[in-house]
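Q: Provided herewith is a single structure, encoded as structure tokens, for subsequent inquiry.
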Amino acid sequence: MITGIDHVVILVDDLATAMAAYQRAGFDVVRGGAHPRWGTENALIALADGTYLELLAARDRRQAAGHRLWMRPTGQMRAPGEYGGFMVGTSDLAGDVRRLRARGVAVGDPAPGARVRPDGQQVRWRLAFPERWDMPALIEDATPRDLRVPAPVGVNRHVRLAEVVVAVPDLEDAVHAYTALEGVTVDTVHDGTPSMRRARIRFAHPAACPVVLMQPAPGDDLHHHMERFGPGVGWITLEIEGGMHRLRALADAPQGQAAVRQLEPAWTGGVRIFVAERLGAG
């Protein structure tokens, strides 16, 4: 059973530098540890809704280049400052893989993953990647999830993932694939631009963050993004309780407004992250 978005992967050049930038922006960042099998290491920004942002760096670029998170659809290696994708949690990975295949979505076999935390604790999980680049990977914990995901502290306790925007070349085709995931519902809406169409994917858990599929118009920024990087995550939006000024990078933001602010690329390493105030909360 799909439980909702687990985390979003942000590729970074140097982990310590990326951690320092997000910390200066106001987030609490925890070093996650090394992935010996993949030649990578990560740090985590745990959020109030149980999701997290993963800062993923290649310790060995040759070794990391073979991993799906570092690959573009063209076969080229992704660069720091790109999204590596996102993952949804599942309590039945083998069953969800069977269901996806039965509904016509090609997906790889489940494979083990592991990370060694700085304190020596090993964390284990299993992953399965659909062949589609605009779909999330599926992750199932083999050790307790709280060993993999730290509790949010500091400002992170007031921040949650509001939406993950995914660029797709064909909305109907993408919607068909996403509805193969167990327990999702779809609302298709237009934003006023005839050639820009979107669909909101909602998971069964009422508190789960939605995925917004967008088929961008030629000439649109998101269309240029998709041409350069391929289908996949275009940006994410975070919601913050109690005023955007809680986040150091937005200390000068006006309070009590629903305006959405983009974090400067200097804070994010290049990926697009928007922040909105969660009105009526906090």
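Here, A, B, ... name the chains of the structure tokens in the order displayed, residue numbers run from 1 inside each chain, and ligands are numbered from 1 in the same displayed order.
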Near segment 29-32 of chain A, within 7 Å and counting only C-alpha atoms, which residues show up once chain neighbours fewer than 3 positions away are dropped, as an MDAnalysis selection string?

A: chainID A and resid 19 23 42:45 117:118

Q: What's the 12 Å shell around Glu163 of chain A, counting only C-alpha atoms, without same-chain residues fewer than 6 positions away, as a list in words?

A: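 Here the qualifying residues turn out to be Gly4, Ile5, His7, Val8, Thr51, Phe86, Ala199, Arg200, Ile201, Arg202, Phe203, Ala207, Ala208, Cys209, Pro210, Val211, Val212, Leu213, Val233, Gly234, Trp235, Ile236, Thr237, Leu238, Glu239, Ile273, Phe274, Val275 and Ala276 of chain A.
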
Q: List every residue of segment 30-273 of chain A that DSSP, applied to the backbone of this structure, assigns to helix (DSSP H, G or I), and report them as a ChimeraX atom specification.

A: /A:61-64,68-70,93-102,145-148,154-158,171-178,221-229,244-246,248-250,265-268

Q: Which polymer residues have any atom within 9 Å of an atom of Val159 of chain A, counting only C-alpha atoms, with same-chain residues fewer than 4 positions away left out, as number ranges by chain?

A: A: 47-49, 155, 238-241, 278

Q: Could you give me the residues within segment 70-170 of chain A that DSSP places in strand (DSSP E), as a PyMOL selection string?

A: chain A and resi 83-90+111-116+122-128+137-141+159-167

Q: Selected residues, N, CA and C atoms, written as a compact mmCIF listing (two decimals), in the first residue's frame, please.

A:
# COMPACT_ATOMS: atom_id res chain seq x y z
N TYR A 83 17.27 18.08 -9.34
CA TYR A 83 16.54 17.10 -8.55
C TYR A 83 16.87 15.71 -9.06
N GLY A 84 17.13 14.80 -8.15
CA GLY A 84 17.37 13.41 -8.53
C GLY A 84 16.09 12.61 -8.65
N GLY A 85 14.97 13.20 -8.21
CA GLY A 85 13.69 12.51 -8.24
C GLY A 85 13.04 12.55 -6.88
N PHE A 86 12.04 11.70 -6.69
CA PHE A 86 11.40 11.60 -5.38
C PHE A 86 10.92 10.18 -5.18
N MET A 87 10.56 9.87 -3.96
CA MET A 87 10.15 8.51 -3.61
C MET A 87 8.86 8.53 -2.82
N VAL A 88 8.07 7.47 -3.03
CA VAL A 88 6.87 7.28 -2.23
C VAL A 88 7.09 6.05 -1.36
N GLY A 89 6.55 6.11 -0.15
CA GLY A 89 6.68 4.99 0.77
C GLY A 89 5.63 3.94 0.49
N THR A 90 5.96 2.71 0.80
CA THR A 90 5.01 1.61 0.67
C THR A 90 5.20 0.62 1.81
N ALA A 111 15.20 -3.86 -5.11
CA ALA A 111 16.62 -4.05 -4.83
C ALA A 111 16.95 -3.47 -3.46
N PRO A 112 17.92 -4.05 -2.76
CA PRO A 112 18.25 -3.56 -1.42
C PRO A 112 19.03 -2.25 -1.46
N GLY A 113 18.83 -1.45 -0.43
CA GLY A 113 19.61 -0.23 -0.23
C GLY A 113 20.05 -0.16 1.22
N ALA A 114 21.14 0.53 1.47
CA ALA A 114 21.64 0.62 2.83
C ALA A 114 22.48 1.88 2.99
N ARG A 115 22.50 2.37 4.22
CA ARG A 115 23.30 3.55 4.56
C ARG A 115 23.88 3.32 5.95
N VAL A 116 25.11 3.76 6.15
CA VAL A 116 25.75 3.68 7.46
C VAL A 116 25.77 5.09 8.04
N GLN A 122 23.53 0.94 10.96
CA GLN A 122 23.18 0.65 9.57
C GLN A 122 21.67 0.74 9.39
N VAL A 123 21.27 1.40 8.31
CA VAL A 123 19.87 1.55 7.96
C VAL A 123 19.65 0.82 6.64
N ARG A 124 18.57 0.04 6.54
CA ARG A 124 18.35 -0.75 5.34
C ARG A 124 16.92 -0.54 4.82
N TRP A 125 16.77 -0.65 3.51
CA TRP A 125 15.47 -0.51 2.85
C TRP A 125 15.52 -1.26 1.53
N ARG A 126 14.40 -1.26 0.82
CA ARG A 126 14.33 -1.84 -0.53
C ARG A 126 13.69 -0.81 -1.45
N LEU A 127 14.18 -0.78 -2.70
CA LEU A 127 13.72 0.21 -3.67
C LEU A 127 13.29 -0.48 -4.96
N ALA A 128 12.33 0.15 -5.63
CA ALA A 128 11.98 -0.27 -6.99
C ALA A 128 11.74 0.98 -7.82
N ALA A 137 10.18 6.64 -7.38
CA ALA A 137 10.61 5.32 -6.93
C ALA A 137 9.76 4.91 -5.73
N LEU A 138 9.72 3.62 -5.47
CA LEU A 138 8.99 3.09 -4.32
C LEU A 138 10.01 2.62 -3.30
N ILE A 139 9.80 2.96 -2.02
CA ILE A 139 10.74 2.58 -0.97
C ILE A 139 9.99 1.93 0.18
N GLU A 140 10.57 0.84 0.68
CA GLU A 140 10.01 0.12 1.83
C GLU A 140 11.14 -0.11 2.84
N ASP A 141 10.92 0.27 4.07
CA ASP A 141 11.96 0.12 5.10
C ASP A 141 12.13 -1.34 5.50
N VAL A 159 7.55 23.28 9.21
CA VAL A 159 7.61 23.24 7.75
C VAL A 159 7.14 21.87 7.26
N ARG A 160 6.30 21.90 6.23
CA ARG A 160 5.88 20.65 5.62
C ARG A 160 5.95 20.76 4.10
N LEU A 161 5.96 19.61 3.45
CA LEU A 161 5.98 19.57 1.99
C LEU A 161 4.56 19.79 1.49
N ALA A 162 4.35 20.85 0.69
CA ALA A 162 3.01 21.19 0.21
C ALA A 162 2.69 20.58 -1.14
N GLU A 163 3.68 20.52 -2.05
CA GLU A 163 3.46 19.90 -3.35
C GLU A 163 4.79 19.62 -4.03
N VAL A 164 4.77 18.59 -4.85
CA VAL A 164 5.90 18.27 -5.72
C VAL A 164 5.39 18.40 -7.15
N VAL A 165 5.99 19.31 -7.92
CA VAL A 165 5.56 19.58 -9.29
C VAL A 165 6.45 18.78 -10.24
N VAL A 166 5.81 17.98 -11.08
CA VAL A 166 6.52 17.09 -11.99
C VAL A 166 6.17 17.46 -13.44
N ALA A 167 7.20 17.72 -14.23
CA ALA A 167 7.01 18.02 -15.65
C ALA A 167 6.82 16.72 -16.42

Q: For Trp38 of chain A, which residue among A:Ala20, A:Leu11, A:Ala204, A:Leu69 is the nearest when counting only C-alpha atoms?

A: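 That would be A:Leu69, the residue with the smallest distance to Trp38 of chain A.
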
Q: Find the distance between atom CA of Arg37 of chain A and atom CA of Leu53 of chain A and write it in Å to one decimal.

A: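 Computing the Euclidean distance for atom CA of Arg37 of chain A and atom CA of Leu53 of chain A yields 20.9 Å.
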
Q: Rank nothing, just name the residue among A:Gly120, A:Pro73, A:Pro130, A:Gly230 nearest to Leu100 of chain A, using only C-alpha atoms.

A: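 The answer is A:Pro130, which sits nearest to Leu100 of chain A.
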
Q: Skip Tyr22 of chain A itself and residues of its chain fewer than 2 positions away, then list as a JSON list (two decimals) with all heavy atoms, in the first residue's frame all residues within 12 Å of it, counting only C-alpha atoms.

A:
[["chain", "number", "residue", "atom", "x", "y", "z"],
["A", 10, "ILE", "N", 17.69, 15.95, -3.71],
["A", 10, "ILE", "CA", 18.36, 17.13, -4.27],
["A", 10, "ILE", "C", 19.84, 16.79, -4.42],
["A", 10, "ILE", "O", 20.52, 16.47, -3.44],
["A", 10, "ILE", "CB", 18.19, 18.36, -3.36],
["A", 10, "ILE", "CG1", 16.70, 18.70, -3.20],
["A", 10, "ILE", "CG2", 18.98, 19.55, -3.91],
["A", 10, "ILE", "CD1", 16.44, 19.76, -2.14],
["A", 12, "VAL", "N", 23.71, 17.45, -4.89],
["A", 12, "VAL", "CA", 24.61, 18.54, -4.51],
["A", 12, "VAL", "C", 26.04, 18.16, -4.83],
["A", 12, "VAL", "O", 26.37, 16.98, -4.97],
["A", 12, "VAL", "CB", 24.46, 18.90, -3.01],
["A", 12, "VAL", "CG1", 23.02, 19.28, -2.69],
["A", 12, "VAL", "CG2", 24.92, 17.75, -2.12],
["A", 15, "LEU", "N", 28.85, 17.91, 0.06],
["A", 15, "LEU", "CA", 27.81, 17.78, 1.08],
["A", 15, "LEU", "C", 27.96, 18.81, 2.19],
["A", 15, "LEU", "O", 26.97, 19.44, 2.59],
["A", 15, "LEU", "CB", 27.83, 16.36, 1.67],
["A", 15, "LEU", "CG", 26.64, 16.03, 2.57],
["A", 15, "LEU", "CD1", 25.32, 16.12, 1.81],
["A", 15, "LEU", "CD2", 26.80, 14.63, 3.18],
["A", 16, "ALA", "N", 29.17, 19.03, 2.67],
["A", 16, "ALA", "CA", 29.36, 19.99, 3.75],
["A", 16, "ALA", "C", 28.96, 21.40, 3.32],
["A", 16, "ALA", "O", 28.33, 22.14, 4.09],
["A", 16, "ALA", "CB", 30.82, 19.97, 4.22],
["A", 17, "THR", "N", 29.29, 21.77, 2.10],
["A", 17, "THR", "CA", 28.93, 23.10, 1.59],
["A", 17, "THR", "C", 27.42, 23.24, 1.46],
["A", 17, "THR", "O", 26.85, 24.27, 1.83],
["A", 17, "THR", "CB", 29.59, 23.34, 0.22],
["A", 17, "THR", "OG1", 31.02, 23.24, 0.37],
["A", 17, "THR", "CG2", 29.23, 24.71, -0.33],
["A", 18, "ALA", "N", 26.76, 22.20, 0.94],
["A", 18, "ALA", "CA", 25.31, 22.24, 0.80],
["A", 18, "ALA", "C", 24.63, 22.29, 2.16],
["A", 18, "ALA", "O", 23.65, 23.04, 2.35],
["A", 18, "ALA", "CB", 24.84, 21.03, 0.00],
["A", 19, "MET", "N", 25.13, 21.52, 3.10],
["A", 19, "MET", "CA", 24.55, 21.55, 4.45],
["A", 19, "MET", "C", 24.64, 22.95, 5.05],
["A", 19, "MET", "O", 23.68, 23.46, 5.63],
["A", 19, "MET", "CB", 25.27, 20.54, 5.35],
["A", 19, "MET", "CG", 24.99, 19.08, 5.04],
["A", 19, "MET", "SD", 25.93, 17.95, 6.11],
["A", 19, "MET", "CE", 25.22, 18.33, 7.73],
["A", 20, "ALA", "N", 25.80, 23.57, 4.89],
["A", 20, "ALA", "CA", 26.01, 24.91, 5.45],
["A", 20, "ALA", "C", 25.05, 25.92, 4.82],
["A", 20, "ALA", "O", 24.52, 26.80, 5.50],
["A", 20, "ALA", "CB", 27.46, 25.34, 5.25],
["A", 24, "ARG", "N", 22.27, 28.01, 6.80],
["A", 24, "ARG", "CA", 22.22, 29.47, 6.80],
["A", 24, "ARG", "C", 20.82, 29.96, 6.41],
["A", 24, "ARG", "O", 20.37, 31.01, 6.88],
["A", 24, "ARG", "CB", 23.27, 30.04, 5.83],
["A", 24, "ARG", "CG", 24.70, 29.95, 6.34],
["A", 24, "ARG", "CD", 25.63, 30.85, 5.53],
["A", 24, "ARG", "NE", 25.64, 30.50, 4.12],
["A", 24, "ARG", "CZ", 26.45, 29.60, 3.57],
["A", 24, "ARG", "NH1", 27.31, 28.93, 4.33],
["A", 24, "ARG", "NH2", 26.40, 29.36, 2.27],
["A", 25, "ALA", "N", 20.15, 29.20, 5.56],
["A", 25, "ALA", "CA", 18.78, 29.57, 5.18],
["A", 25, "ALA", "C", 17.81, 29.41, 6.35],
["A", 25, "ALA", "O", 16.73, 29.99, 6.34],
["A", 25, "ALA", "CB", 18.32, 28.72, 4.00],
["A", 26, "GLY", "N", 18.21, 28.62, 7.35],
["A", 26, "GLY", "CA", 17.38, 28.47, 8.54],
["A", 26, "GLY", "C", 16.94, 27.06, 8.84],
["A", 26, "GLY", "O", 16.34, 26.81, 9.89],
["A", 27, "PHE", "N", 17.22, 26.10, 7.95],
["A", 27, "PHE", "CA", 16.79, 24.73, 8.16],
["A", 27, "PHE", "C", 17.73, 23.99, 9.12],
["A", 27, "PHE", "O", 18.91, 24.31, 9.22],
["A", 27, "PHE", "CB", 16.77, 23.97, 6.83],
["A", 27, "PHE", "CG", 15.75, 24.47, 5.84],
["A", 27, "PHE", "CD1", 16.13, 25.28, 4.79],
["A", 27, "PHE", "CD2", 14.42, 24.11, 5.96],
["A", 27, "PHE", "CE1", 15.20, 25.75, 3.87],
["A", 27, "PHE", "CE2", 13.48, 24.57, 5.04],
["A", 27, "PHE", "CZ", 13.86, 25.39, 4.00],
["A", 28, "ASP", "N", 17.18, 23.00, 9.78],
["A", 28, "ASP", "CA", 18.01, 22.07, 10.55],
["A", 28, "ASP", "C", 18.40, 20.94, 9.60],
["A", 28, "ASP", "O", 17.53, 20.34, 8.95],
["A", 28, "ASP", "CB", 17.25, 21.51, 11.75],
["A", 28, "ASP", "CG", 18.10, 20.58, 12.58],
["A", 28, "ASP", "OD1", 18.91, 21.07, 13.37],
["A", 28, "ASP", "OD2", 17.98, 19.35, 12.39],
["A", 29, "VAL", "N", 19.68, 20.65, 9.50],
["A", 29, "VAL", "CA", 20.19, 19.64, 8.57],
["A", 29, "VAL", "C", 20.99, 18.61, 9.36],
["A", 29, "VAL", "O", 21.88, 18.96, 10.14],
["A", 29, "VAL", "CB", 21.09, 20.27, 7.49],
["A", 29, "VAL", "CG1", 21.45, 19.24, 6.44],
["A", 29, "VAL", "CG2", 20.40, 21.48, 6.84],
["A", 30, "VAL", "N", 20.68, 17.34, 9.15],
["A", 30, "VAL", "CA", 21.34, 16.24, 9.86],
["A", 30, "VAL", "C", 22.13, 15.40, 8.86],
["A", 30, "VAL", "O", 21.58, 14.97, 7.84],
["A", 30, "VAL", "CB", 20.31, 15.35, 10.58],
["A", 30, "VAL", "CG1", 20.99, 14.16, 11.24],
["A", 30, "VAL", "CG2", 19.54, 16.17, 11.60],
["A", 43, "ALA", "N", 22.64, 14.05, 3.51],
["A", 43, "ALA", "CA", 22.19, 14.77, 4.69],
["A", 43, "ALA", "C", 20.69, 14.96, 4.54],
["A", 43, "ALA", "O", 20.16, 15.00, 3.42],
["A", 43, "ALA", "CB", 22.90, 16.12, 4.83],
["A", 44, "LEU", "N", 19.99, 15.07, 5.66],
["A", 44, "LEU", "CA", 18.54, 15.08, 5.65],
["A", 44, "LEU", "C", 17.98, 16.34, 6.30],
["A", 44, "LEU", "O", 18.49, 16.80, 7.32],
["A", 44, "LEU", "CB", 17.98, 13.85, 6.38],
["A", 44, "LEU", "CG", 18.03, 12.50, 5.67],
["A", 44, "LEU", "CD1", 19.47, 12.06, 5.41],
["A", 44, "LEU", "CD2", 17.32, 11.43, 6.50],
["A", 45, "ILE", "N", 16.92, 16.88, 5.68],
["A", 45, "ILE", "CA", 16.14, 17.96, 6.25],
["A", 45, "ILE", "C", 14.76, 17.38, 6.55],
["A", 45, "ILE", "O", 13.91, 17.28, 5.67],
["A", 45, "ILE", "CB", 16.03, 19.16, 5.29],
["A", 45, "ILE", "CG1", 17.44, 19.68, 4.95],
["A", 45, "ILE", "CG2", 15.17, 20.27, 5.88],
["A", 45, "ILE", "CD1", 17.46, 20.75, 3.87],
["A", 53, "LEU", "N", 13.76, 16.25, 2.85],
["A", 53, "LEU", "CA", 14.57, 16.58, 1.69],
["A", 53, "LEU", "C", 15.92, 15.91, 1.88],
["A", 53, "LEU", "O", 16.56, 16.06, 2.92],
["A", 53, "LEU", "CB", 14.74, 18.09, 1.54],
["A", 53, "LEU", "CG", 13.47, 18.94, 1.58],
["A", 53, "LEU", "CD1", 13.82, 20.41, 1.37],
["A", 53, "LEU", "CD2", 12.45, 18.46, 0.57],
["A", 54, "GLU", "N", 16.35, 15.17, 0.87],
["A", 54, "GLU", "CA", 17.64, 14.49, 0.93],
["A", 54, "GLU", "C", 18.66, 15.24, 0.08],
["A", 54, "GLU", "O", 18.46, 15.41, -1.12],
["A", 54, "GLU", "CB", 17.52, 13.05, 0.43],
["A", 54, "GLU", "CG", 18.86, 12.32, 0.42],
["A", 54, "GLU", "CD", 18.79, 10.91, -0.15],
["A", 54, "GLU", "OE1", 17.75, 10.57, -0.76],
["A", 54, "GLU", "OE2", 19.77, 10.17, 0.01],
["A", 55, "LEU", "N", 19.71, 15.71, 0.70],
["A", 55, "LEU", "CA", 20.84, 16.30, -0.01],
["A", 55, "LEU", "C", 21.80, 15.16, -0.31],
["A", 55, "LEU", "O", 22.35, 14.53, 0.60],
["A", 55, "LEU", "CB", 21.53, 17.37, 0.84],
["A", 55, "LEU", "CG", 20.62, 18.46, 1.42],
["A", 55, "LEU", "CD1", 21.46, 19.46, 2.22],
["A", 55, "LEU", "CD2", 19.83, 19.16, 0.33],
["A", 155, "VAL", "N", 13.20, 25.00, 13.21],
["A", 155, "VAL", "CA", 12.18, 25.52, 12.30],
["A", 155, "VAL", "C", 11.53, 24.40, 11.49],
["A", 155, "VAL", "O", 10.38, 24.52, 11.06],
["A", 155, "VAL", "CB", 12.78, 26.59, 11.36],
["A", 155, "VAL", "CG1", 13.66, 25.95, 10.30],
["A", 155, "VAL", "CG2", 11.68, 27.43, 10.70],
["A", 156, "ASN", "N", 12.25, 23.29, 11.31],
["A", 156, "ASN", "CA", 11.69, 22.17, 10.53],
["A", 156, "ASN", "C", 10.37, 21.67, 11.12],
["A", 156, "ASN", "O", 9.53, 21.12, 10.41],
["A", 156, "ASN", "CB", 12.68, 21.00, 10.49],
["A", 156, "ASN", "CG", 13.97, 21.34, 9.79],
["A", 156, "ASN", "OD1", 14.33, 22.51, 9.64],
["A", 156, "ASN", "ND2", 14.70, 20.33, 9.35],
["A", 247, "LEU", "N", 11.71, 31.35, 8.83],
["A", 247, "LEU", "CA", 12.85, 30.84, 8.08],
["A", 247, "LEU", "C", 13.82, 31.99, 7.83],
["A", 247, "LEU", "O", 13.45, 33.01, 7.27],
["A", 247, "LEU", "CB", 12.35, 30.25, 6.75],
["A", 247, "LEU", "CG", 13.28, 29.29, 6.02],
["A", 247, "LEU", "CD1", 13.60, 28.06, 6.86],
["A", 247, "LEU", "CD2", 12.65, 28.86, 4.69],
["A", 248, "ARG", "N", 15.04, 31.83, 8.24],
["A", 248, "ARG", "CA", 16.01, 32.92, 8.21],
["A", 248, "ARG", "C", 16.15, 33.53, 6.81],
["A", 248, "ARG", "O", 16.28, 34.74, 6.66],
["A", 248, "ARG", "CB", 17.37, 32.40, 8.69],
["A", 248, "ARG", "CG", 18.38, 33.49, 9.02],
["A", 248, "ARG", "CD", 19.65, 32.88, 9.60],
["A", 248, "ARG", "NE", 19.37, 32.06, 10.76],
["A", 248, "ARG", "CZ", 19.72, 30.77, 10.88],
["A", 248, "ARG", "NH1", 20.36, 30.17, 9.91],
["A", 248, "ARG", "NH2", 19.43, 30.10, 11.97],
["A", 249, "ALA", "N", 16.07, 32.68, 5.78],
["A", 249, "ALA", "CA", 16.21, 33.19, 4.41],
["A", 249, "ALA", "C", 15.06, 34.10, 4.01],
["A", 249, "ALA", "O", 15.18, 34.87, 3.06],
["A", 249, "ALA", "CB", 16.31, 32.02, 3.43],
["A", 263, "LEU", "N", 13.00, 30.56, -2.71],
["A", 263, "LEU", "CA", 14.30, 30.65, -2.06],
["A", 263, "LEU", "C", 15.36, 30.92, -3.12],
["A", 263, "LEU", "O", 15.34, 30.34, -4.20],
["A", 263, "LEU", "CB", 14.61, 29.36, -1.31],
["A", 263, "LEU", "CG", 13.74, 29.03, -0.10],
["A", 263, "LEU", "CD1", 14.16, 27.70, 0.50],
["A", 263, "LEU", "CD2", 13.82, 30.14, 0.94],
["A", 264, "GLU", "N", 16.30, 31.78, -2.78],
["A", 264, "GLU", "CA", 17.37, 32.10, -3.72],
["A", 264, "GLU", "C", 18.20, 30.85, -4.02],
["A", 264, "GLU", "O", 18.46, 30.03, -3.13],
["A", 264, "GLU", "CB", 18.28, 33.18, -3.13],
["A", 264, "GLU", "CG", 17.62, 34.54, -2.98],
["A", 264, "GLU", "CD", 17.33, 35.17, -4.33],
["A", 264, "GLU", "OE1", 18.04, 34.83, -5.31],
["A", 264, "GLU", "OE2", 16.40, 35.98, -4.42],
["A", 265, "PRO", "N", 18.63, 30.69, -5.28],
["A", 265, "PRO", "CA", 19.45, 29.53, -5.63],
["A", 265, "PRO", "C", 20.70, 29.40, -4.77],
["A", 265, "PRO", "O", 21.21, 28.29, -4.58],
["A", 265, "PRO", "CB", 19.81, 29.79, -7.10],
["A", 265, "PRO", "CG", 18.68, 30.63, -7.61],
["A", 265, "PRO", "CD", 18.28, 31.51, -6.45],
["A", 266, "ALA", "N", 21.19, 30.52, -4.24],
["A", 266, "ALA", "CA", 22.37, 30.44, -3.36],
["A", 266, "ALA", "C", 22.08, 29.62, -2.12],
["A", 266, "ALA", "O", 22.99, 29.02, -1.54],
["A", 266, "ALA", "CB", 22.81, 31.86, -2.95],
["A", 267, "TRP", "N", 20.80, 29.61, -1.69],
["A", 267, "TRP", "CA", 20.43, 28.81, -0.51],
["A", 267, "TRP", "C", 20.23, 27.35, -0.88],
["A", 267, "TRP", "O", 20.45, 26.46, -0.06],
["A", 267, "TRP", "CB", 19.13, 29.34, 0.10],
["A", 267, "TRP", "CG", 19.11, 30.75, 0.56],
["A", 267, "TRP", "CD1", 18.37, 31.77, 0.03],
["A", 267, "TRP", "CD2", 19.84, 31.34, 1.64],
["A", 267, "TRP", "NE1", 18.59, 32.94, 0.71],
["A", 267, "TRP", "CE2", 19.49, 32.70, 1.71],
["A", 267, "TRP", "CE3", 20.76, 30.84, 2.55],
["A", 267, "TRP", "CZ2", 20.03, 33.57, 2.65],
["A", 267, "TRP", "CZ3", 21.30, 31.70, 3.50],
["A", 267, "TRP", "CH2", 20.94, 33.04, 3.54],
["A", 268, "THR", "N", 19.76, 27.09, -2.11],
["A", 268, "THR", "CA", 19.28, 25.76, -2.47],
["A", 268, "THR", "C", 20.23, 24.95, -3.33],
["A", 268, "THR", "O", 19.93, 23.80, -3.65],
["A", 268, "THR", "CB", 17.93, 25.87, -3.22],
["A", 268, "THR", "OG1", 18.17, 26.48, -4.50],
["A", 268, "THR", "CG2", 16.93, 26.70, -2.44],
["A", 269, "GLY", "N", 21.33, 25.57, -3.75],
["A", 269, "GLY", "CA", 22.25, 24.86, -4.64],
["A", 269, "GLY", "C", 21.82, 24.86, -6.08],
["A", 269, "GLY", "O", 22.46, 24.23, -6.93],
["A", 270, "GLY", "N", 20.72, 25.55, -6.40],
["A", 270, "GLY", "CA", 20.28, 25.66, -7.78],
["A", 270, "GLY", "C", 18.89, 25.14, -8.06],
["A", 270, "GLY", "O", 18.27, 25.54, -9.04],
["A", 273, "ILE", "N", 12.90, 25.95, -5.14],
["A", 273, "ILE", "CA", 12.09, 25.66, -3.95],
["A", 273, "ILE", "C", 11.28, 26.90, -3.62],
["A", 273, "ILE", "O", 11.85, 27.99, -3.47],
["A", 273, "ILE", "CB", 12.95, 25.27, -2.75],
["A", 273, "ILE", "CG1", 13.73, 23.97, -3.02],
["A", 273, "ILE", "CG2", 12.09, 25.10, -1.49],
["A", 273, "ILE", "CD1", 14.63, 23.52, -1.90]]
